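**Student:** To be precise about what I am sending: the file is called input_12.tsv and holds TSV, N, CA and C atoms.
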chain	number	residue	atom	x	y	z
A	1	TRP	N	-8.45	-1.83	8.08
A	1	TRP	CA	-8.26	-2.36	6.74
A	1	TRP	C	-6.98	-3.17	6.65
A	2	TYR	N	-5.96	-2.73	7.33
A	2	TYR	CA	-4.66	-3.41	7.27
A	2	TYR	C	-4.75	-4.83	7.83
A	3	HIS	N	-5.36	-4.98	8.99
A	3	HIS	CA	-5.48	-6.31	9.59
A	3	HIS	C	-6.39	-7.20	8.75
A	4	ASN	N	-7.39	-6.62	8.11
A	4	ASN	CA	-8.24	-7.40	7.22
A	4	ASN	C	-7.44	-7.92	6.03
A	5	LEU	N	-6.53	-7.11	5.49
A	5	LEU	CA	-5.68	-7.57	4.38
A	5	LEU	C	-4.76	-8.70	4.81
A	6	LEU	N	-4.23	-8.60	6.01
A	6	LEU	CA	-3.37	-9.68	6.50
A	6	LEU	C	-4.17	-10.98	6.66
A	7	ALA	N	-5.40	-10.86	7.13
A	7	ALA	CA	-6.24	-12.03	7.34
A	7	ALA	C	-6.72	-12.65	6.02
A	8	ASP	N	-7.01	-11.81	5.05
A	8	ASP	CA	-7.48	-12.29	3.74
A	8	ASP	C	-6.94	-11.34	2.67
A	9	PRO	N	-5.83	-11.69	2.04
A	9	PRO	CA	-5.17	-10.78	1.10
A	9	PRO	C	-5.83	-10.67	-0.27
A	10	ARG	N	-6.91	-11.40	-0.50
A	10	ARG	CA	-7.59	-11.31	-1.80
A	10	ARG	C	-8.41	-10.02	-1.83
A	11	VAL	N	-8.19	-9.20	-2.86
A	11	VAL	CA	-8.89	-7.92	-2.97
A	11	VAL	C	-9.42	-7.74	-4.38
A	12	HIS	N	-10.39	-6.85	-4.51
A	12	HIS	CA	-10.89	-6.44	-5.82
A	12	HIS	C	-10.58	-4.96	-5.95
A	13	VAL	N	-9.90	-4.60	-7.04
A	13	VAL	CA	-9.45	-3.23	-7.25
A	13	VAL	C	-10.32	-2.55	-8.31
A	14	GLU	N	-10.69	-1.32	-8.05
A	14	GLU	CA	-11.36	-0.47	-9.02
A	14	GLU	C	-10.56	0.83	-9.06
A	15	ALA	N	-9.87	1.08	-10.16
A	15	ALA	CA	-9.01	2.25	-10.27
A	15	ALA	C	-9.44	3.12	-11.46
A	16	ALA	N	-9.54	4.41	-11.21
A	16	ALA	CA	-9.89	5.34	-12.28
A	16	ALA	C	-8.69	5.49	-13.21
A	17	THR	N	-8.96	5.46	-14.51
A	17	THR	CA	-7.93	5.67	-15.53
A	17	THR	C	-8.45	6.70	-16.52
A	18	ALA	N	-7.61	7.10	-17.44
A	18	ALA	CA	-8.02	8.05	-18.47
A	18	ALA	C	-9.13	7.46	-19.35
A	19	ASN	N	-9.19	6.13	-19.40
A	19	ASN	CA	-10.18	5.45	-20.26
A	19	ASN	C	-11.38	4.92	-19.49
A	20	GLY	N	-11.52	5.29	-18.25
A	20	GLY	CA	-12.64	4.80	-17.45
A	20	GLY	C	-12.16	4.14	-16.18
A	21	ILE	N	-12.78	3.02	-15.84
A	21	ILE	CA	-12.46	2.29	-14.62
A	21	ILE	C	-11.78	0.98	-14.98
A	22	ASP	N	-10.64	0.71	-14.37
A	22	ASP	CA	-9.94	-0.56	-14.53
A	22	ASP	C	-10.26	-1.40	-13.30
A	23	GLU	N	-10.84	-2.58	-13.51
A	23	GLU	CA	-11.21	-3.47	-12.42
A	23	GLU	C	-10.45	-4.78	-12.54
A	24	TYR	N	-9.94	-5.27	-11.41
A	24	TYR	CA	-9.25	-6.56	-11.41
A	24	TYR	C	-9.13	-7.09	-9.99
A	25	ASP	N	-8.94	-8.40	-9.90
A	25	ASP	CA	-8.67	-9.04	-8.62
A	25	ASP	C	-7.17	-9.03	-8.40
A	26	ALA	N	-6.78	-8.95	-7.13
A	26	ALA	CA	-5.35	-8.89	-6.80
A	26	ALA	C	-5.11	-9.56	-5.45
A	27	ILE	N	-3.82	-9.77	-5.19
A	27	ILE	CA	-3.39	-10.30	-3.91
A	27	ILE	C	-2.54	-9.22	-3.23
A	28	ALA	N	-2.88	-8.90	-1.99
A	28	ALA	CA	-2.15	-7.88	-1.22
A	28	ALA	C	-1.05	-8.54	-0.41
A	29	ALA	N	0.08	-7.85	-0.30
A	29	ALA	CA	1.18	-8.35	0.52
A	29	ALA	C	1.92	-7.16	1.12
A	30	GLU	N	2.25	-7.27	2.40
A	30	GLU	CA	3.02	-6.21	3.04
A	30	GLU	C	4.46	-6.28	2.53
A	31	LEU	N	5.03	-5.12	2.22
A	31	LEU	CA	6.41	-5.09	1.76
A	31	LEU	C	7.34	-5.42	2.92
A	32	PRO	N	8.37	-6.22	2.67
A	32	PRO	CA	9.37	-6.48	3.71
A	32	PRO	C	10.05	-5.17	4.10
A	33	GLU	N	10.60	-5.10	5.31
A	33	GLU	CA	11.14	-3.85	5.85
A	33	GLU	C	12.15	-3.18	4.92
A	34	ARG	N	13.05	-3.93	4.34
A	34	ARG	CA	14.07	-3.32	3.47
A	34	ARG	C	13.41	-2.64	2.26
A	35	GLU	N	12.48	-3.33	1.61
A	35	GLU	CA	11.77	-2.74	0.47
A	35	GLU	C	10.90	-1.58	0.92
A	36	ARG	N	10.25	-1.74	2.08
A	36	ARG	CA	9.38	-0.69	2.59
A	36	ARG	C	10.17	0.59	2.83
A	37	ALA	N	11.34	0.48	3.44
A	37	ALA	CA	12.16	1.66	3.73
A	37	ALA	C	12.56	2.38	2.45
A	38	SER	N	12.97	1.62	1.45
A	38	SER	CA	13.37	2.21	0.17
A	38	SER	C	12.19	2.89	-0.52
A	39	ARG	N	11.09	2.18	-0.60
A	39	ARG	CA	9.91	2.72	-1.29
A	39	ARG	C	9.31	3.90	-0.52
A	40	TYR	N	9.29	3.81	0.81
A	40	TYR	CA	8.72	4.88	1.60
A	40	TYR	C	9.53	6.16	1.45
A	41	SER	N	10.84	6.03	1.31
A	41	SER	CA	11.69	7.20	1.08
A	41	SER	C	11.29	7.90	-0.22
A	42	GLU	N	11.02	7.11	-1.24
A	42	GLU	CA	10.58	7.68	-2.53
A	42	GLU	C	9.23	8.38	-2.37
A	43	ILE	N	8.32	7.76	-1.65
A	43	ILE	CA	6.99	8.34	-1.45
A	43	ILE	C	7.11	9.65	-0.68
A	44	MET	N	7.91	9.66	0.39
A	44	MET	CA	8.05	10.88	1.19
A	44	MET	C	8.67	12.01	0.39
A	45	ALA	N	9.58	11.69	-0.53
A	45	ALA	CA	10.20	12.73	-1.35
A	45	ALA	C	9.19	13.36	-2.30
A	46	SER	N	8.27	12.55	-2.80
A	46	SER	CA	7.30	13.08	-3.76
A	46	SER	C	6.00	13.56	-3.10
A	47	ARG	N	5.74	13.12	-1.89
A	47	ARG	CA	4.51	13.48	-1.17
A	47	ARG	C	4.86	13.88	0.27
A	48	PRO	N	5.25	15.13	0.49
A	48	PRO	CA	5.67	15.56	1.82
A	48	PRO	C	4.63	15.32	2.93
A	49	ALA	N	3.37	15.27	2.59
A	49	ALA	CA	2.34	15.02	3.61
A	49	ALA	C	2.54	13.65	4.27
A	50	PHE	N	2.99	12.66	3.49
A	50	PHE	CA	3.25	11.35	4.07
A	50	PHE	C	4.39	11.42	5.08
A	51	ALA	N	5.41	12.20	4.77
A	51	ALA	CA	6.54	12.35	5.70
A	51	ALA	C	6.05	12.99	7.00
A	52	ALA	N	5.23	14.00	6.92
A	52	ALA	CA	4.70	14.66	8.11
A	52	ALA	C	3.83	13.70	8.92
A	53	TYR	N	3.02	12.91	8.23
A	53	TYR	CA	2.15	11.95	8.92
A	53	TYR	C	3.00	10.91	9.65
A	54	GLN	N	4.05	10.41	9.00
A	54	GLN	CA	4.91	9.41	9.63
A	54	GLN	C	5.60	10.00	10.85
A	55	GLN	N	6.04	11.25	10.77
A	55	GLN	CA	6.72	11.87	11.91
A	55	GLN	C	5.78	12.03	13.11
A	56	GLU	N	4.51	12.24	12.86
A	56	GLU	CA	3.54	12.41	13.94
A	56	GLU	C	3.07	11.07	14.51
A	57	SER	N	3.28	10.01	13.75
A	57	SER	CA	2.84	8.69	14.20
A	57	SER	C	3.90	8.06	15.11
A	58	HIS	N	3.44	7.25	16.03
A	58	HIS	CA	4.35	6.55	16.94
A	58	HIS	C	4.57	5.11	16.49
A	59	ARG	N	4.25	4.83	15.25
A	59	ARG	CA	4.42	3.47	14.73
A	59	ARG	C	4.93	3.55	13.30
A	60	VAL	N	5.44	2.45	12.82
A	60	VAL	CA	5.88	2.37	11.43
A	60	VAL	C	4.64	2.12	10.58
A	61	LEU	N	4.42	2.97	9.60
A	61	LEU	CA	3.26	2.80	8.72
A	61	LEU	C	3.59	1.73	7.67
A	62	PRO	N	2.77	0.70	7.57
A	62	PRO	CA	3.05	-0.37	6.63
A	62	PRO	C	2.77	0.06	5.18
A	63	LEU	N	3.47	-0.57	4.27
A	63	LEU	CA	3.18	-0.40	2.84
A	63	LEU	C	2.76	-1.75	2.30
A	64	VAL	N	1.74	-1.73	1.48
A	64	VAL	CA	1.19	-2.95	0.90
A	64	VAL	C	1.30	-2.86	-0.61
A	65	THR	N	1.68	-3.95	-1.23
A	65	THR	CA	1.72	-4.01	-2.68
A	65	THR	C	0.58	-4.91	-3.16
A	66	LEU	N	0.06	-4.60	-4.34
A	66	LEU	CA	-1.01	-5.39	-4.93
A	66	LEU	C	-0.49	-6.04	-6.21
A	67	THR	N	-0.71	-7.35	-6.34
A	67	THR	CA	-0.30	-8.08	-7.53
A	67	THR	C	-1.56	-8.65	-8.17
A	68	ARG	N	-1.72	-8.35	-9.46
A	68	ARG	CA	-2.90	-8.87	-10.15
A	68	ARG	C	-2.96	-10.39	-10.03
A	69	ALA	N	-4.14	-10.88	-9.70
A	69	ALA	CA	-4.35	-12.33	-9.61
A	69	ALA	C	-4.44	-12.91	-11.02
A	70	SER	N	-3.91	-14.11	-11.18
A	70	SER	CA	-4.03	-14.72	-12.49
A	70	SER	C	-5.45	-15.18	-12.74
A	71	ALA	N	-5.83	-15.12	-13.98
A	71	ALA	CA	-7.21	-15.46	-14.35
A	71	ALA	C	-7.47	-16.93	-14.32
Is it possible to express this structure as structure tokens?
**Tutor:**
Amino acid sequence: WYHNLLADPRVHVEAATANGIDEYDAIAAELPERERASRYSEIMASRPAFAAYQQESHRVLPLVTLTRASA
């Protein structure tokens, strides 16, 4: 999935919300290393399973951000 996003960053998102399903088109982008390190630290603090997964991995796990596409 990651390499597919790099090749074609256009995505369609379907996210469950309290009011049903929110659907929108978006553009995916990998976070630069400095932002990734900061954000990943926050994620690991709130989700220890991610920290354990990263420790077991022999690679840096990428983080991708999604930005709503303009209509």
**Student:** At what distance in Å, to one decimal, does CA of Leu6 in chain A lie from CA of Tyr24 in chain A?
**Tutor:**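 Calculated distance between CA of Tyr24 in chain A and CA of Leu6 in chain A is 19.1 Å.
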**Student:** Using only C-alpha atoms, which residues sit within 9 Å of Ala51 in chain A once same-chain residues fewer than 6 positions away are excluded, as a PyMOL selection string?
**Tutor:** chain A and resi 40-41+43-45
**Student:** Give me the residues within 6 Å of Leu66 in chain A as a ChimeraX atom specification, counting only N, CA and C atoms and dropping any in the same chain fewer than 6 places off.
**Tutor:** /A:26-29
**Student:** Could you find all residues in range 8-52 of chain A that DSSP calls alpha helix (DSSP H) from the backbone, and write them as a list in words?
**Tutor:**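 For range 8-52 of chain A, the alpha helix (DSSP H) set is Glu33, Arg34, Glu35, Arg36, Ala37, Ser38, Arg39, Tyr40, Ser41, Glu42, Ile43, Met44, Ala45, Ser46, Pro48, Ala49, Phe50, Ala51 and Ala52 of chain A.
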**Student:** Which is closest to Val64 in chain A among A:Arg10, A:Leu5, A:Asp22, A:Glu30, if we use all atoms listed in the file?
**Tutor:**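 Residue with the minimum atom-to-atom distance to Val64 in chain A: A:Glu30.
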**Student:** For a test of reading the model, state the distance in Å between atom C of Thr67 in chain A and atom N of Gln55 in chain A, rounded to one decimal.
**Tutor:**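 If I compute the distance from atom C of Thr67 in chain A to atom N of Gln55 in chain A, I get 28.5 Å.
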